[in-house]
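**Student:** Coordinates in structure.csv, CSV, C-alpha atoms and all ligand atoms, are listed below.
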```csv
chain,number,residue,atom,x,y,z
A,1431,MET,CA,17.8,-46.8,47.2
A,1432,ALA,CA,14.5,-45.6,46.1
A,1433,SER,CA,15.7,-42.0,46.4
A,1434,ARG,CA,18.7,-42.8,44.2
A,1435,ILE,CA,16.4,-44.1,41.4
A,1436,LYS,CA,14.2,-41.1,41.7
A,1437,ASP,CA,17.3,-39.0,41.5
A,1438,ARG,CA,18.6,-40.7,38.3
A,1439,HIS,CA,15.2,-40.4,36.8
A,1440,ARG,CA,15.1,-36.7,37.4
A,1441,LYS,CA,18.6,-36.3,36.0
A,1442,SER,CA,17.8,-38.1,32.8
A,1443,LYS,CA,14.6,-36.2,32.4
A,1444,SER,CA,16.4,-32.9,32.7
A,1445,ARG,CA,18.9,-34.0,30.1
A,1446,ALA,CA,16.1,-34.8,27.8
A,1447,ALA,CA,14.5,-31.5,28.5
A,1448,ARG,CA,17.8,-29.7,27.7
A,1449,LYS,CA,18.1,-31.7,24.5
A,1450,LYS,CA,14.5,-30.7,23.5
A,1451,ALA,CA,15.2,-27.1,24.3
A,1452,SER,CA,18.3,-27.0,22.1
A,1453,ALA,CA,16.5,-28.7,19.3
A,1454,LYS,CA,13.9,-26.0,19.6
A,1455,ALA,CA,16.5,-23.3,19.5
A,1456,ASN,CA,18.0,-24.9,16.4
A,1457,ARG,CA,14.7,-25.0,14.7
A,1458,ARG,CA,14.1,-21.4,15.6
A,1459,SER,CA,17.4,-20.2,14.2
A,1460,ALA,CA,16.8,-22.2,11.1
A,1461,GLY,CA,13.6,-20.4,10.7
A,1462,ARG,CA,15.3,-17.1,11.0
A,1463,LYS,CA,17.9,-18.0,8.4
A,1464,LYS,CA,15.0,-19.0,6.1
A,1465,ALA,CA,13.5,-15.6,6.5
A,1466,LEU,CA,16.6,-14.0,5.0
A,1467,THR,CA,16.6,-16.1,1.9
A,1468,PRO,CA,15.7,-14.2,-1.3
A,1469,GLY,CA,12.5,-15.1,-3.0
A,1470,MET,CA,10.4,-15.2,0.1
A,1471,PRO,CA,7.2,-13.2,-0.1
A,1472,GLN,CA,7.6,-9.5,0.6
A,1473,CYS,CA,5.2,-6.6,0.2
A,1474,GLY,CA,6.0,-5.1,-3.2
A,1475,LEU,CA,5.4,-1.6,-1.9
A,1476,CYS,CA,7.1,-1.4,1.5
A,1477,GLY,CA,9.1,-4.6,1.7
A,1478,GLY,CA,7.3,-5.9,4.8
A,1479,THR,CA,7.3,-9.6,5.2
A,1480,GLU,CA,4.6,-10.2,7.8
A,1481,ASN,CA,0.9,-10.5,7.4
A,1482,LEU,CA,0.8,-10.5,3.7
A,1483,THR,CA,-1.9,-11.1,1.2
A,1484,LYS,CA,-2.1,-11.1,-2.6
A,1485,THR,CA,-3.8,-8.2,-4.4
A,1486,GLU,CA,-7.0,-9.2,-6.1
A,1487,CYS,CA,-6.2,-7.0,-9.1
A,1488,CYS,CA,-2.7,-8.2,-10.0
A,1489,GLY,CA,-1.8,-11.0,-7.6
A,1490,GLN,CA,1.2,-9.3,-6.0
A,1491,TRP,CA,2.2,-9.8,-2.4
A,1492,ILE,CA,1.1,-6.8,-0.3
A,1493,CYS,CA,0.6,-6.0,3.4
A,1494,ASP,CA,-2.8,-7.2,4.6
A,1495,ASP,CA,-3.2,-4.0,6.5
A,1496,GLU,CA,-6.5,-2.3,5.5
A,1497,ASP,CA,-7.4,-2.6,9.2
A,1498,ASN,CA,-4.9,0.1,9.9
A,1499,TYR,CA,-6.9,2.6,8.0
A,1500,VAL,CA,-9.1,4.9,10.1
A,1501,LEU,CA,-12.3,5.6,8.4
A,1502,PHE,CA,-12.4,9.1,6.8
A,1503,SER,CA,-8.9,9.8,7.9
A,1504,TYR,CA,-7.7,9.7,4.2
A,1505,ALA,CA,-4.4,8.5,5.6
A,1506,HIS,CA,-2.1,6.7,3.1
A,1507,ASN,CA,-0.8,4.2,5.7
A,1508,SER,CA,-2.3,1.0,4.2
A,1509,CYS,CA,-0.4,-0.6,1.4
A,1510,ALA,CA,-3.4,-2.6,0.4
A,1511,ARG,CA,-5.7,0.4,0.4
A,1512,ASN,CA,-3.2,2.6,-1.4
A,1513,HIS,CA,-2.8,0.2,-4.2
A,1514,ARG,CA,-6.6,-0.4,-4.5
A,1515,ARG,CA,-7.6,3.2,-4.3
A,1516,TYR,CA,-4.8,5.2,-5.8
A,1517,THR,CA,-3.6,3.3,-8.8
A,1518,LEU,CA,-5.0,2.6,-12.2
A,1519,CYS,CA,-4.4,-1.1,-11.5
A,1520,GLY,CA,-6.8,-1.0,-8.6
A,1521,HIS,CA,-9.3,1.2,-10.4
A,1522,HIS,CA,-9.3,-0.9,-13.5
A,1523,PHE,CA,-10.0,-4.0,-11.4
A,1524,GLU,CA,-12.7,-2.4,-9.3
A,1525,GLU,CA,-14.5,-1.1,-12.4
A,1526,GLY,CA,-14.3,-4.5,-14.0
A,1527,HIS,CA,-12.6,-3.3,-17.2
A,1528,ALA,CA,-11.2,-5.9,-19.7
A,1529,GLY,CA,-7.6,-6.4,-20.6
A,1530,HIS,CA,-4.6,-4.8,-18.9
A,1531,TRP,CA,-4.8,-1.4,-17.2
A,1532,LYS,CA,-1.8,-0.1,-19.1
A,1533,ASN,CA,-3.6,-0.1,-22.4
A,1534,CYS,CA,-7.1,0.4,-21.2
A,1535,ASP,CA,-9.0,3.1,-23.0
A,1536,GLU,CA,-11.7,3.3,-20.4
A,1537,CYS,CA,-9.2,4.1,-17.6
A,1538,ARG,CA,-7.7,6.7,-19.9
A,1539,LYS,CA,-11.1,8.3,-20.6
A,1540,ASP,CA,-12.3,8.1,-17.0
A,1541,THR,CA,-9.4,10.0,-15.5
A,1542,PRO,CA,-8.1,13.5,-16.1
A,1543,THR,CA,-4.7,13.2,-17.7
A,1544,GLU,CA,-2.9,14.6,-14.7
A,1545,MET,CA,-4.5,12.1,-12.4
A,1546,TYR,CA,-4.1,9.3,-14.9
A,1547,VAL,CA,-0.4,9.9,-14.8
A,1548,TYR,CA,-0.3,10.1,-11.0
A,1549,TYR,CA,-2.3,6.9,-10.6
A,1550,GLY,CA,-0.2,5.1,-13.2
A,1551,THR,CA,3.2,6.2,-11.8
A,1552,ASN,CA,3.0,6.8,-8.1
A,1553,GLU,CA,4.7,4.8,-5.4
A,1554,TYR,CA,1.7,2.6,-4.8
A,1555,ASN,CA,2.3,0.8,-8.1
A,1556,PHE,CA,4.2,-2.4,-8.5
A,1557,ASP,CA,4.7,-1.6,-12.1
A,1558,VAL,CA,4.3,1.9,-13.7
A,1559,LEU,CA,3.3,3.3,-17.1
A,1560,GLU,CA,6.4,3.3,-19.3
A,1561,ASN,CA,5.3,6.3,-21.4
A,1562,PRO,CA,3.0,8.4,-19.3
A,1563,PRO,CA,1.1,11.0,-21.5
A,1564,GLN,CA,2.2,14.7,-21.3
A,1565,TYR,CA,-0.2,17.1,-19.7
A,1566,GLU,CA,-0.5,20.8,-19.0
A,1567,PRO,CA,-0.3,21.5,-15.3
A,1568,THR,CA,-3.6,22.4,-13.8
A,1569,LYS,CA,-3.8,26.1,-12.8
A,1570,CYS,CA,-6.0,28.0,-10.5
A,1571,SER,CA,-8.6,29.9,-12.6
A,1572,ARG,CA,-8.3,33.0,-10.3
A,1573,CYS,CA,-4.6,33.4,-9.4
A,1574,GLY,CA,-2.9,31.1,-11.9
A,1575,ALA,CA,-1.1,29.1,-9.3
A,1576,VAL,CA,-0.2,25.5,-10.3
A,1577,ILE,CA,-2.4,23.0,-8.5
A,1578,PRO,CA,-0.9,19.5,-8.1
A,1579,LEU,CA,-4.2,17.6,-8.2
A,1580,ALA,CA,-2.8,14.6,-6.5
A,1581,ASN,CA,-2.2,16.6,-3.3
A,1582,GLY,CA,-5.9,17.6,-3.0
A,1583,GLY,CA,-6.8,20.8,-1.2
A,1584,TYR,CA,-8.3,22.5,-4.3
A,1585,SER,CA,-11.9,22.9,-5.4
A,1586,TYR,CA,-13.6,22.4,-8.7
A,1587,SER,CA,-16.8,23.9,-10.0
A,1588,GLY,CA,-18.3,23.9,-13.5
A,1589,LYS,CA,-18.5,27.7,-13.5
A,1590,GLU,CA,-15.0,28.6,-12.3
A,1591,GLY,CA,-13.0,25.4,-12.9
A,1592,TYR,CA,-10.1,24.6,-10.5
A,1593,LEU,CA,-9.4,27.0,-7.6
A,1594,CYS,CA,-6.3,26.6,-5.4
A,1595,PHE,CA,-6.7,26.3,-1.7
A,1596,ASP,CA,-6.2,30.0,-1.0
A,1597,CYS,CA,-8.7,31.1,-3.6
A,1598,THR,CA,-11.2,28.5,-2.4
A,1599,ALA,CA,-10.8,29.8,1.1
A,1600,ALA,CA,-11.3,33.4,-0.1
A,1601,LYS,CA,-14.4,32.4,-1.9
A,1602,HIS,CA,-16.0,30.6,1.1
A,1603,PRO,CA,-14.5,32.6,4.1
A,1604,ALA,CA,-17.1,31.1,6.5
A,1605,ARG,CA,-16.1,27.5,5.7
A,1606,TYR,CA,-12.4,28.0,6.3
A,1607,SER,CA,-12.3,30.5,9.3
B,1,ZN,ZN,3.5,-3.0,2.6
B,2,ZN,ZN,-2.9,-4.3,-8.8
B,3,ZN,ZN,-9.3,0.1,-17.1
B,4,ZN,ZN,-5.7,30.6,-6.7
```
Using the file provided, produce a representation of the structure as structure tokens.
**Tutor:**
Amino acid sequence: MASRIKDRHRKSKSRAARKKASAKANRRSAGRKKALTPGMPQCGLCGGTENLTKTECCGQWICDDEDNYVLFSYAHNSCARNHRRYTLCGHHFEEGHAGHWKNCDECRKDTPTEMYVYYGTNEYNFDVLENPPQYEPTKCSRCGAVIPLANGGYSYSGKEGYLCFDCTAAKHPARYS
């Protein structure tokens, strides 16, 4: 008798447990469905949906991923850092300029035109300059090769101006051998 009661008790408990489990599963799939609805926060740069934060400069959703950045690696693998460091929006905010970066004279004056256009139109922006100013490509003062400043790998000195990587290496053989 006692054993039958126990048995029934166990059965009902397991039914309750099953019910609970299926409710959990329903909740989980509802959560998944919700993740696909449009309008949920998404990193404006890479489309990521996890671990997001809002940019201080412009209040856009972005990956909270500055921890991924390895110090001095100069890698461009952090959405948050890329926006803060490589856009006019980020620069304008960090420098504490007034007004909007798109019509900020200080940003324009601070930045060589080629870099101004790069910072204002690259893929780290949520919103780019509509009419970026024209500029002459920067050329190596020794060999005349065009130097895309945004890629780095050049040198600049007051005496010689810009030198491409090869001419910089030729000038300082010890440093690059
Ligand atoms: Zn991202
Ligand atoms: Zn911004
Ligand atoms: Zn500015
Ligand atoms: Zn050169």
**Student:** Show me, as a tab-separated table, the residues of chain A having an atom within 7 Å of ligand ZN 4 (chain B), each with the closest atom pair and its distance in Å, using all atoms listed in the file.
**Tutor:**
```
residue	atom	partner	partner_atom	distance
A:Cys1570	CA	B:ZN4	ZN	4.6
A:Ser1571	CA	B:ZN4	ZN	6.6
A:Arg1572	CA	B:ZN4	ZN	5.0
A:Cys1573	CA	B:ZN4	ZN	4.0
A:Gly1574	CA	B:ZN4	ZN	5.9
A:Ala1575	CA	B:ZN4	ZN	5.5
A:Leu1593	CA	B:ZN4	ZN	5.2
A:Cys1594	CA	B:ZN4	ZN	4.2
A:Phe1595	CA	B:ZN4	ZN	6.7
A:Asp1596	CA	B:ZN4	ZN	5.8
A:Cys1597	CA	B:ZN4	ZN	4.3
```
**Student:** I'd like to know which of A:Gly1550, A:Gly1591, A:Pro1603, A:Gly1469 is closest to A:Trp1491, using only C-alpha atoms.
**Tutor:**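 That would be A:Gly1469, the residue with the smallest distance to A:Trp1491.
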**Student:** Could you list as number ranges by chain every residue that has an atom within 8 Å of (4.5, 0.9, -1.5), using the file's coordinates and counting only C-alpha atoms?
**Tutor:** A: 1473-1477, 1509, 1512-1513, 1553-1556
**Student:** Rank A:Trp1531, A:Tyr1584, A:Tyr1565, A:Tyr1606 by their smallest atom-to-atom distance to ligand ZN 2 (chain B), using all atoms listed in the file, and report the top residue only.
**Tutor:** A:Trp1531
**Student:** What residues of the protein or nucleic acid chains come within 12 Å of ligand ZN 3 (chain B) when you use all atoms listed in the file? Reply as a ChimeraX atom specification.
**Tutor:** /A:1487,1517-1541,1546,1549-1550
**Student:** Report, in Å with one decimal, the straight-line distance from atom CA of A:Arg1515 to atom CA of A:Glu1496.
**Tutor:** 11.3 Å
**Student:** Could you check the closest approach to ligand ZN 2 (chain B) for each of A:Asp1557, A:Glu1480, A:Asp1494, A:Glu1544 and tell me which residue wins, using all atoms listed in the file?
**Tutor:**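 Smallest separation from ligand ZN 2 (chain B) among the options: A:Asp1557.
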**Student:** Separation of atom CA of A:Thr1568 and atom CA of A:Arg1605, in Å?
**Tutor:**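 Between atom CA of A:Thr1568 and atom CA of A:Arg1605 the gap is 23.7 Å.
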